[in-house]
$ cat structure09.pdb   # PDB, C-alpha atoms
MODEL        1
ATOM      1  CA  MET Y 245       0.276  20.959 -18.568
ATOM      2  CA  ASN Y 246       1.524  19.658 -15.202
ATOM      3  CA  LEU Y 247      -0.859  17.087 -13.796
ATOM      4  CA  SER Y 248      -1.096  16.059 -10.144
ATOM      5  CA  TYR Y 249      -0.453  12.323  -9.712
ATOM      6  CA  ASP Y 250      -1.099  10.252  -6.600
ATOM      7  CA  LEU Y 251      -0.477   6.586  -7.297
ATOM      8  CA  HIS Y 252      -0.875   5.096  -3.811
ATOM      9  CA  SER Y 253      -4.091   5.385  -1.809
ATOM     10  CA  HIS Y 254      -6.477   3.249   0.229
ATOM     11  CA  SER Y 255     -10.216   2.968   0.809
ATOM     12  CA  THR Y 256     -12.551   1.003   3.053
ATOM     13  CA  ALA Y 257     -11.996  -1.945   0.713
ATOM     14  CA  SER Y 258      -8.870  -2.473   2.836
ATOM     15  CA  ASP Y 259      -7.708  -0.249   5.687
ATOM     16  CA  GLY Y 260      -8.664   3.245   4.538
ATOM     17  CA  THR Y 261     -11.479   5.146   6.206
ATOM     18  CA  LEU Y 262     -13.133   6.676   3.112
ATOM     19  CA  SER Y 263     -15.280   4.627   0.776
ATOM     20  CA  PRO Y 264     -13.966   4.360  -2.797
ATOM     21  CA  ARG Y 265     -16.587   6.901  -3.905
ATOM     22  CA  ASP Y 266     -15.686   9.349  -1.135
ATOM     23  CA  LEU Y 267     -11.989   8.872  -1.887
ATOM     24  CA  VAL Y 268     -12.549   9.890  -5.507
ATOM     25  CA  ASP Y 269     -14.594  12.914  -4.431
ATOM     26  CA  TYR Y 270     -11.882  13.960  -1.983
ATOM     27  CA  ALA Y 271      -9.144  13.484  -4.591
ATOM     28  CA  LEU Y 272     -11.028  15.786  -6.935
ATOM     29  CA  SER Y 273     -11.407  18.436  -4.231
ATOM     30  CA  ALA Y 274      -7.691  18.108  -3.419
ATOM     31  CA  GLY Y 275      -6.684  18.834  -7.010
ATOM     32  CA  VAL Y 276      -5.499  15.340  -7.935
ATOM     33  CA  ASP Y 277      -5.723  14.621 -11.667
ATOM     34  CA  VAL Y 278      -4.548  10.989 -11.769
ATOM     35  CA  LEU Y 279      -5.316   8.681  -8.843
ATOM     36  CA  ALA Y 280      -4.501   5.026  -8.253
ATOM     37  CA  LEU Y 281      -6.581   3.139  -5.703
ATOM     38  CA  THR Y 282      -4.114   0.593  -4.285
ATOM     39  CA  ASP Y 283      -5.874  -1.311  -1.536
ATOM     40  CA  HIS Y 284      -4.034  -4.104   0.269
ATOM     41  CA  ASP Y 285      -4.316  -7.437  -1.550
ATOM     42  CA  THR Y 286      -7.702  -6.597  -3.075
ATOM     43  CA  THR Y 287      -9.221  -4.791  -6.057
ATOM     44  CA  GLU Y 288     -12.705  -4.819  -4.541
ATOM     45  CA  GLY Y 289     -13.009  -1.017  -4.415
ATOM     46  CA  LEU Y 290     -12.107  -0.335  -8.044
ATOM     47  CA  ARG Y 291     -15.586  -0.699  -9.517
ATOM     48  CA  GLU Y 292     -17.153   1.808  -7.099
ATOM     49  CA  ALA Y 293     -14.241   4.206  -7.607
ATOM     50  CA  ALA Y 294     -14.516   3.915 -11.406
ATOM     51  CA  VAL Y 295     -18.225   4.737 -11.305
ATOM     52  CA  ALA Y 296     -17.502   7.754  -9.098
ATOM     53  CA  ALA Y 297     -14.750   8.999 -11.433
ATOM     54  CA  GLU Y 298     -16.775   8.545 -14.611
ATOM     55  CA  GLY Y 299     -17.503  11.848 -16.284
ATOM     56  CA  SER Y 300     -15.133  13.789 -14.027
ATOM     57  CA  ARG Y 301     -11.696  15.168 -14.863
ATOM     58  CA  LEU Y 302     -10.071  12.514 -12.653
ATOM     59  CA  CYS Y 303      -8.251   9.661 -14.365
ATOM     60  CA  LEU Y 304      -8.517   6.584 -12.144
ATOM     61  CA  VAL Y 305      -5.740   4.019 -12.524
ATOM     62  CA  SER Y 306      -6.306   0.438 -11.446
ATOM     63  CA  GLY Y 307      -4.050  -0.398  -8.515
ATOM     64  CA  VAL Y 308      -3.291  -2.843  -5.732
ATOM     65  CA  GLU Y 309      -0.688  -3.088  -2.967
ATOM     66  CA  ILE Y 310       0.557  -6.666  -2.707
ATOM     67  CA  SER Y 311       2.094  -8.026   0.502
ATOM     68  CA  VAL Y 312       5.421  -9.774  -0.108
ATOM     69  CA  THR Y 313       7.851 -11.598   2.162
ATOM     70  CA  TRP Y 314      11.455 -10.894   1.164
ATOM     71  CA  GLY Y 315      14.665 -11.089   3.162
ATOM     72  CA  GLY Y 316      12.815 -12.025   6.327
ATOM     73  CA  GLN Y 317      10.522  -9.003   6.314
ATOM     74  CA  VAL Y 318       7.384  -7.640   4.697
ATOM     75  CA  VAL Y 319       7.746  -5.555   1.547
ATOM     76  CA  HIS Y 320       4.880  -4.001  -0.400
ATOM     77  CA  ILE Y 321       4.676  -4.041  -4.177
ATOM     78  CA  VAL Y 322       2.217  -1.699  -5.865
ATOM     79  CA  GLY Y 323       0.679  -2.761  -9.159
ATOM     80  CA  LEU Y 324      -0.580  -0.100 -11.556
ATOM     81  CA  GLY Y 325      -2.566  -0.076 -14.771
ATOM     82  CA  PHE Y 326      -3.481  -3.763 -14.911
ATOM     83  CA  ASP Y 327      -6.624  -5.630 -15.903
ATOM     84  CA  PRO Y 328      -8.540  -6.069 -12.608
ATOM     85  CA  GLN Y 329     -10.309  -9.129 -14.017
ATOM     86  CA  ASP Y 330      -7.127 -11.085 -14.701
ATOM     87  CA  PRO Y 331      -7.758 -14.569 -13.201
ATOM     88  CA  THR Y 332      -4.174 -15.342 -12.151
ATOM     89  CA  LEU Y 333      -3.871 -12.050 -10.309
ATOM     90  CA  GLN Y 334      -7.202 -12.573  -8.570
ATOM     91  CA  VAL Y 335      -6.347 -16.123  -7.487
ATOM     92  CA  GLY Y 336      -3.085 -14.862  -6.000
ATOM     93  CA  LEU Y 337      -4.776 -12.020  -4.153
ATOM     94  CA  ALA Y 338      -7.420 -14.412  -2.816
ATOM     95  CA  GLU Y 339      -4.639 -16.579  -1.323
ATOM     96  CA  LEU Y 340      -3.241 -13.556   0.497
ATOM     97  CA  ARG Y 341      -6.656 -12.570   1.822
ATOM     98  CA  THR Y 342      -7.159 -16.090   3.172
ATOM     99  CA  PHE Y 343      -3.955 -15.731   5.154
ATOM    100  CA  ARG Y 344      -5.036 -12.268   6.289
ATOM    101  CA  GLY Y 345      -8.229 -13.786   7.699
ATOM    102  CA  TRP Y 346      -6.316 -16.352   9.745
ATOM    103  CA  ARG Y 347      -3.788 -13.752  10.876
ATOM    104  CA  ALA Y 348      -6.526 -11.428  12.138
ATOM    105  CA  GLU Y 349      -8.013 -14.209  14.236
ATOM    106  CA  GLU Y 350      -4.565 -15.094  15.592
ATOM    107  CA  ILE Y 351      -3.838 -11.460  16.500
ATOM    108  CA  GLY Y 352      -7.105 -11.462  18.437
ATOM    109  CA  ARG Y 353      -6.120 -14.647  20.279
ATOM    110  CA  ARG Y 354      -2.696 -13.290  21.190
ATOM    111  CA  LEU Y 355      -4.065  -9.976  22.430
ATOM    112  CA  ALA Y 356      -6.635 -11.875  24.505
ATOM    113  CA  LYS Y 357      -3.794 -13.737  26.220
ATOM    114  CA  HIS Y 358      -2.353 -10.304  27.036
ATOM    115  CA  GLY Y 359      -5.586  -9.266  28.724
ATOM    116  CA  ILE Y 360      -7.220  -7.428  25.818
ATOM    117  CA  ALA Y 361     -10.551  -9.142  25.274
ATOM    118  CA  ASP Y 362     -12.653  -9.052  22.091
ATOM    119  CA  ALA Y 363      -9.923  -7.394  20.012
ATOM    120  CA  TYR Y 364     -10.813  -9.403  16.909
ATOM    121  CA  GLU Y 365     -14.487  -8.455  17.137
ATOM    122  CA  GLY Y 366     -13.479  -4.864  17.823
ATOM    123  CA  ALA Y 367     -11.145  -4.685  14.828
ATOM    124  CA  LYS Y 368     -13.816  -6.247  12.623
ATOM    125  CA  ARG Y 369     -16.200  -3.399  13.452
ATOM    126  CA  TYR Y 370     -13.658  -0.950  12.014
ATOM    127  CA  SER Y 371     -13.350  -2.930   8.775
ATOM    128  CA  ASN Y 372     -15.619  -3.788   5.869
ATOM    129  CA  GLY Y 373     -15.964  -7.253   7.376
ATOM    130  CA  HIS Y 374     -14.011  -8.894   4.560
ATOM    131  CA  LEU Y 375     -10.438  -7.743   5.109
ATOM    132  CA  ILE Y 376      -9.189  -7.111   8.647
ATOM    133  CA  SER Y 377      -5.721  -5.614   8.919
ATOM    134  CA  ARG Y 378      -3.361  -4.559  11.676
ATOM    135  CA  THR Y 379      -4.596  -1.004  11.101
ATOM    136  CA  HIS Y 380      -8.096  -2.028  12.187
ATOM    137  CA  PHE Y 381      -6.655  -3.536  15.378
ATOM    138  CA  ALA Y 382      -4.660  -0.341  15.902
ATOM    139  CA  ARG Y 383      -7.794   1.810  15.652
ATOM    140  CA  PHE Y 384      -9.576  -0.446  18.137
ATOM    141  CA  LEU Y 385      -6.658  -0.259  20.587
ATOM    142  CA  VAL Y 386      -6.369   3.525  20.366
ATOM    143  CA  ASP Y 387     -10.093   4.186  20.659
ATOM    144  CA  ASN Y 388     -10.312   1.903  23.690
ATOM    145  CA  GLY Y 389      -7.482   3.602  25.537
ATOM    146  CA  PHE Y 390      -4.734   0.996  25.162
ATOM    147  CA  SER Y 391      -2.444   3.435  23.314
ATOM    148  CA  PRO Y 392      -2.460   7.220  22.889
ATOM    149  CA  ASP Y 393      -2.265   7.414  19.094
ATOM    150  CA  MET Y 394      -1.813   5.546  15.827
ATOM    151  CA  ARG Y 395       1.887   6.326  15.639
ATOM    152  CA  LYS Y 396       2.616   4.540  18.923
ATOM    153  CA  VAL Y 397       0.155   1.678  18.919
ATOM    154  CA  PHE Y 398       2.042  -0.437  16.397
ATOM    155  CA  LYS Y 399       5.275  -0.222  18.389
ATOM    156  CA  GLN Y 400       3.438  -1.125  21.586
ATOM    157  CA  TYR Y 401       1.317  -4.024  20.358
ATOM    158  CA  LEU Y 402       1.698  -5.053  16.721
ATOM    159  CA  THR Y 403       5.387  -5.222  15.752
ATOM    160  CA  GLN Y 404       7.903  -7.992  16.272
ATOM    161  CA  GLY Y 405       8.292  -8.977  19.921
ATOM    162  CA  LYS Y 406       5.014  -7.336  20.952
ATOM    163  CA  PRO Y 407       1.875  -9.165  22.142
ATOM    164  CA  GLY Y 408      -0.166  -8.855  18.950
ATOM    165  CA  HIS Y 409       2.572  -9.585  16.437
ATOM    166  CA  VAL Y 410       2.005 -12.435  13.981
ATOM    167  CA  ALA Y 411       4.675 -13.092  11.372
ATOM    168  CA  GLY Y 412       3.471 -12.778   7.788
ATOM    169  CA  GLU Y 413       3.546 -15.509   5.166
ATOM    170  CA  TRP Y 414       3.057 -13.444   2.047
ATOM    171  CA  ALA Y 415       3.751 -13.773  -1.676
ATOM    172  CA  GLU Y 416       7.237 -14.275  -3.045
ATOM    173  CA  LEU Y 417       8.648 -11.208  -4.788
ATOM    174  CA  ASP Y 418       8.844 -12.695  -8.259
ATOM    175  CA  ARG Y 419       5.300 -14.123  -7.992
ATOM    176  CA  ALA Y 420       3.846 -10.732  -7.064
ATOM    177  CA  VAL Y 421       5.646  -9.010  -9.928
ATOM    178  CA  ASN Y 422       4.557 -11.748 -12.333
ATOM    179  CA  TRP Y 423       0.914 -11.396 -11.266
ATOM    180  CA  ILE Y 424       1.041  -7.679 -12.049
ATOM    181  CA  GLN Y 425       2.909  -8.106 -15.339
ATOM    182  CA  GLY Y 426       0.669 -10.962 -16.432
ATOM    183  CA  ALA Y 427      -2.340  -8.696 -15.957
ATOM    184  CA  GLY Y 428      -0.763  -6.032 -18.156
ATOM    185  CA  GLY Y 429       0.368  -3.772 -15.322
ATOM    186  CA  GLU Y 430       3.536  -2.227 -13.957
ATOM    187  CA  ALA Y 431       5.141  -3.147 -10.621
ATOM    188  CA  VAL Y 432       6.500  -0.577  -8.159
ATOM    189  CA  ILE Y 433       8.323  -0.996  -4.832
ATOM    190  CA  ALA Y 434       6.192   0.973  -2.371
ATOM    191  CA  HIS Y 435       7.809   3.432   0.103
ATOM    192  CA  PRO Y 436      11.266   1.774  -0.064
ATOM    193  CA  ALA Y 437      12.824   3.963   2.651
ATOM    194  CA  ARG Y 438      10.276   2.730   5.195
ATOM    195  CA  TYR Y 439      11.793  -0.743   5.420
ATOM    196  CA  ASN Y 440      14.824   0.410   7.421
ATOM    197  CA  MET Y 441      17.134  -1.770   5.355
ATOM    198  CA  THR Y 442      20.850  -1.245   5.045
ATOM    199  CA  ARG Y 443      21.903   0.278   1.747
ATOM    200  CA  THR Y 444      23.321  -3.082   0.664
ATOM    201  CA  LYS Y 445      20.129  -4.985   1.463
ATOM    202  CA  LEU Y 446      17.889  -2.395  -0.185
ATOM    203  CA  ARG Y 447      19.939  -2.483  -3.368
ATOM    204  CA  ARG Y 448      19.758  -6.280  -3.342
ATOM    205  CA  LEU Y 449      15.960  -5.999  -3.094
ATOM    206  CA  ILE Y 450      15.884  -3.501  -5.958
ATOM    207  CA  GLY Y 451      18.143  -5.721  -8.035
ATOM    208  CA  GLU Y 452      15.969  -8.812  -7.570
ATOM    209  CA  PHE Y 453      12.846  -6.737  -8.190
ATOM    210  CA  THR Y 454      14.335  -5.434 -11.445
ATOM    211  CA  GLU Y 455      15.349  -8.936 -12.557
ATOM    212  CA  ALA Y 456      11.783 -10.116 -11.905
ATOM    213  CA  GLY Y 457      10.424  -7.423 -14.218
ATOM    214  CA  GLY Y 458       9.658  -4.571 -11.825
ATOM    215  CA  VAL Y 459       9.774  -1.124 -13.413
ATOM    216  CA  ALA Y 460       9.702   1.588 -10.731
ATOM    217  CA  LEU Y 461      10.439   2.784  -7.204
ATOM    218  CA  GLU Y 462       8.072   4.953  -5.212
ATOM    219  CA  VAL Y 463      10.479   7.871  -4.946
ATOM    220  CA  VAL Y 464       8.056  10.423  -3.510
ATOM    221  CA  SER Y 465       6.054   9.179  -0.540
ATOM    222  CA  SER Y 466       4.506  10.790   2.507
ATOM    223  CA  SER Y 467       6.799   8.583   4.600
ATOM    224  CA  HIS Y 468       9.984   9.761   2.834
ATOM    225  CA  SER Y 469      12.064  12.696   3.996
ATOM    226  CA  LYS Y 470      13.545  15.033   1.410
ATOM    227  CA  ASP Y 471      16.917  13.293   1.685
ATOM    228  CA  GLU Y 472      15.282   9.878   1.316
ATOM    229  CA  MET Y 473      13.433  11.082  -1.760
ATOM    230  CA  PHE Y 474      16.677  12.066  -3.468
ATOM    231  CA  THR Y 475      18.354   8.839  -2.361
ATOM    232  CA  MET Y 476      15.534   6.776  -3.862
ATOM    233  CA  ALA Y 477      15.733   8.811  -7.058
ATOM    234  CA  LYS Y 478      19.417   7.869  -7.303
ATOM    235  CA  HIS Y 479      18.611   4.191  -6.754
ATOM    236  CA  SER Y 480      15.993   4.371  -9.508
ATOM    237  CA  ARG Y 481      18.558   5.840 -11.913
ATOM    238  CA  ASP Y 482      21.217   3.302 -10.952
ATOM    239  CA  PHE Y 483      18.866   0.433 -11.781
ATOM    240  CA  SER Y 484      17.266   2.123 -14.818
ATOM    241  CA  LEU Y 485      13.904   2.187 -13.066
ATOM    242  CA  ARG Y 486      11.251   4.846 -13.321
ATOM    243  CA  ALA Y 487       9.973   6.896 -10.386
ATOM    244  CA  SER Y 488       6.491   6.839  -8.877
ATOM    245  CA  ALA Y 489       4.778   9.143  -6.387
ATOM    246  CA  GLY Y 490       2.103   8.276  -3.863
ATOM    247  CA  SER Y 491       0.812   9.621  -0.579
ATOM    248  CA  ASP Y 492      -0.252   6.245   0.881
ATOM    249  CA  TYR Y 493      -3.406   8.104   1.911
ATOM    250  CA  HIS Y 494      -5.636   6.216   4.362
ATOM    251  CA  GLY Y 495      -8.054   8.950   5.428
ATOM    252  CA  PRO Y 496      -8.323  12.310   7.182
ATOM    253  CA  GLU Y 497      -7.014  10.757  10.425
ATOM    254  CA  THR Y 498      -3.486  10.818   8.936
ATOM    255  CA  PRO Y 499      -2.991  14.421   7.781
ATOM    256  CA  TRP Y 500       0.738  13.869   7.237
ATOM    257  CA  ALA Y 501      -0.197  11.553   4.332
ATOM    258  CA  ASN Y 502      -2.695  13.693   2.452
ATOM    259  CA  LEU Y 503      -3.867  13.751  -1.141
ATOM    260  CA  GLY Y 504      -2.713  16.602  -3.349
ATOM    261  CA  LYS Y 505       0.256  17.503  -1.133
ATOM    262  CA  LEU Y 506       3.089  15.475  -2.655
ATOM    263  CA  ALA Y 507       6.434  17.027  -3.468
ATOM    264  CA  PRO Y 508       7.403  16.968  -7.144
ATOM    265  CA  LEU Y 509       9.671  14.239  -8.416
ATOM    266  CA  PRO Y 510      13.351  15.198  -8.559
ATOM    267  CA  ASP Y 511      14.253  16.666 -11.942
ATOM    268  CA  ASN Y 512      16.492  13.755 -12.882
ATOM    269  CA  ALA Y 513      13.903  11.069 -12.088
ATOM    270  CA  VAL Y 514      11.957   9.533 -14.978
ATOM    271  CA  PRO Y 515       8.230   9.463 -14.094
ATOM    272  CA  ILE Y 516       6.454   6.139 -14.360
ATOM    273  CA  TRP Y 517       3.618   7.982 -16.093
ATOM    274  CA  ARG Y 518       5.780   9.190 -18.979
ATOM    275  CA  GLY Y 519       4.046   7.896 -22.067
ATOM    276  CA  TRP Y 520       0.820   7.009 -20.274
ATOM    277  CA  SER Y 521      -2.485   7.811 -21.933
ATOM    278  CA  THR Y 522      -6.106   7.602 -20.885
ATOM    279  CA  GLU Y 523      -5.804   3.861 -21.574
ATOM    280  CA  LYS Y 524      -4.488   3.670 -18.028
ATOM    281  CA  ALA Y 525      -7.922   4.635 -16.776
ATOM    282  CA  VAL Y 526     -10.072   1.864 -15.358
ATOM    283  CA  ALA Y 527     -12.424   1.178 -18.233
ATOM    284  CA  ALA Y 528     -12.997  -2.543 -17.867
ATOM    285  CA  VAL Y 529     -13.582  -2.934 -14.130
TER     286      VAL Y 529
ENDMDL
END
$ encode --input "structure09.pdb" --output "structure tokens"
Amino acid sequence: MNLSYDLHSHSTASDGTLSPRDLVDYALSAGVDVLALTDHDTTEGLREAAVAAEGSRLCLVSGVEISVTWGGQVVHIVGLGFDPQDPTLQVGLAELRTFRGWRAEEIGRRLAKHGIADAYEGAKRYSNGHLISRTHFARFLVDNGFSPDMRKVFKQYLTQGKPGHVAGEWAELDRAVNWIQGAGGEAVIAHPARYNMTRTKLRRLIGEFTEAGGVALEVVSSSHSKDEMFTMAKHSRDFSLRASAGSDYHGPETPWANLGKLAPLPDNAVPIWRGWSTEKAVAAV
């Protein structure tokens, strides 16, 4: 039986627009069989999602997307199938959220200097009040007429050299991987083609990730073209890594990154879920 896997999604616990419960309901309606909720630097939404999935056909996998600084840029590492109550993991994630809080305030200050008042308060209204991301600022800027759409707003205001850019100070790569491993999970490089690295730099990242104990690349992603998907599958084979698949779904506002619409993994890619059982389900949240 071919199951539908989506191992990268977000809820209102970070910068998604559906609550964890509504995300599970939508995943079921979209035909997803195995879903990982991978909010940014938090596992806050897992309990609500687990309750929503209980008794349904959906297998919910514990997940998180950890922000990492590597090679002078931000890289995201997805953790899958870990114990959400692991204390070392939770202490590490709390450190990242503390920085996120300061960064959000600083983005607000910098946008104010550019003539955009109350951006921090505006972004906070789009969030759960606990974790405010660049995406929340982007929604505020678009809805208030500063940019025409979500695709353009980052380039205009929130990337390097723009008025609202604040450099990240995130986890080191090996620390993030160790947090995930120590909690019994598996580490995945999220959407590797998105980083616009040279082939040499990307392979150096993959090599260091593998040496740290990482096990997979996100080969299929809504942000990957068909050619990029096959390129990432080759990188995964070259480094003896497995292949993951995730939409990076944030809500109905981004239809190009939808649940239940992922391309299949290339035939020669080894799925990360090979050998998984229902033990991967969130039972101890």
$ resolve_selection --input "structure09.pdb" --expression "the PyMOL selection byres ((chain Y and resi 270-277) around 7)" --output "list in words"
Leu247, Ser248, Tyr249, Asp250, Asp266, Leu267, Val268, Asp269, Val278, Leu279, Arg301, Leu302, Cys303, Leu503 and Gly504 of chain Y
$ residues_around --input "structure09.pdb" --residues "range 374-376 of chain Y" --least-positions-apart "4" --cutoff "8 Å" --atoms "all atoms listed in the file" --output "mmCIF file with C-alpha atoms, in the frame of the given file"
data_model
loop_
_atom_site.group_PDB
_atom_site.id
_atom_site.type_symbol
_atom_site.label_atom_id
_atom_site.label_comp_id
_atom_site.auth_asym_id
_atom_site.auth_seq_id
_atom_site.Cartn_x
_atom_site.Cartn_y
_atom_site.Cartn_z
ATOM 1 C CA ALA Y 257 -11.996 -1.945 0.713
ATOM 2 C CA SER Y 258 -8.870 -2.473 2.836
ATOM 3 C CA ASP Y 259 -7.708 -0.249 5.687
ATOM 4 C CA ARG Y 341 -6.656 -12.570 1.822
ATOM 5 C CA ARG Y 344 -5.036 -12.268 6.289
ATOM 6 C CA GLY Y 345 -8.229 -13.786 7.699
ATOM 7 C CA ALA Y 348 -6.526 -11.428 12.138
ATOM 8 C CA ALA Y 367 -11.145 -4.685 14.828
ATOM 9 C CA LYS Y 368 -13.816 -6.247 12.623
ATOM 10 C CA HIS Y 380 -8.096 -2.028 12.187
#
$ resolve_selection --input "structure09.pdb" --expression "the PyMOL selection byres ((chain Y and resi 393-395) around 12)" --output "PyMOL selection string"
chain Y and resi 378-392+396-402+497-498+500
$ closest_residue --input "structure09.pdb" --among "Y:Ser488, Y:Ser300, Y:Thr475, Y:Thr332" --to "Arg443 in chain Y" --atoms "only C-alpha atoms"
Y:Thr475
$ resolve_selection --input "structure09.pdb" --expression "the PyMOL selection byres ((chain Y and resi 314) around 9)" --output "list in words"
Val312, Thr313, Gly315, Gly316, Gln317, Val318, Val319, Trp414, Ala415, Glu416, Leu417 and Leu449 of chain Y
$ closest_residue --input "structure09.pdb" --among "Y:Glu298, Y:Glu462, Y:Asp471, Y:Glu350" --to "Val322 in chain Y" --atoms "all atoms listed in the file"
Y:Glu462
$ closest_residue --input "structure09.pdb" --among "Y:Gly457, Y:Ala363, Y:Arg354, Y:Leu337" --to "Gly405 in chain Y" --atoms "all atoms listed in the file"
Y:Arg354
$ atom_distance --input "structure09.pdb" --atom1 "CA of Ile321 in chain Y" --atom2 "CA of Ala420 in chain Y"
7.3 Å
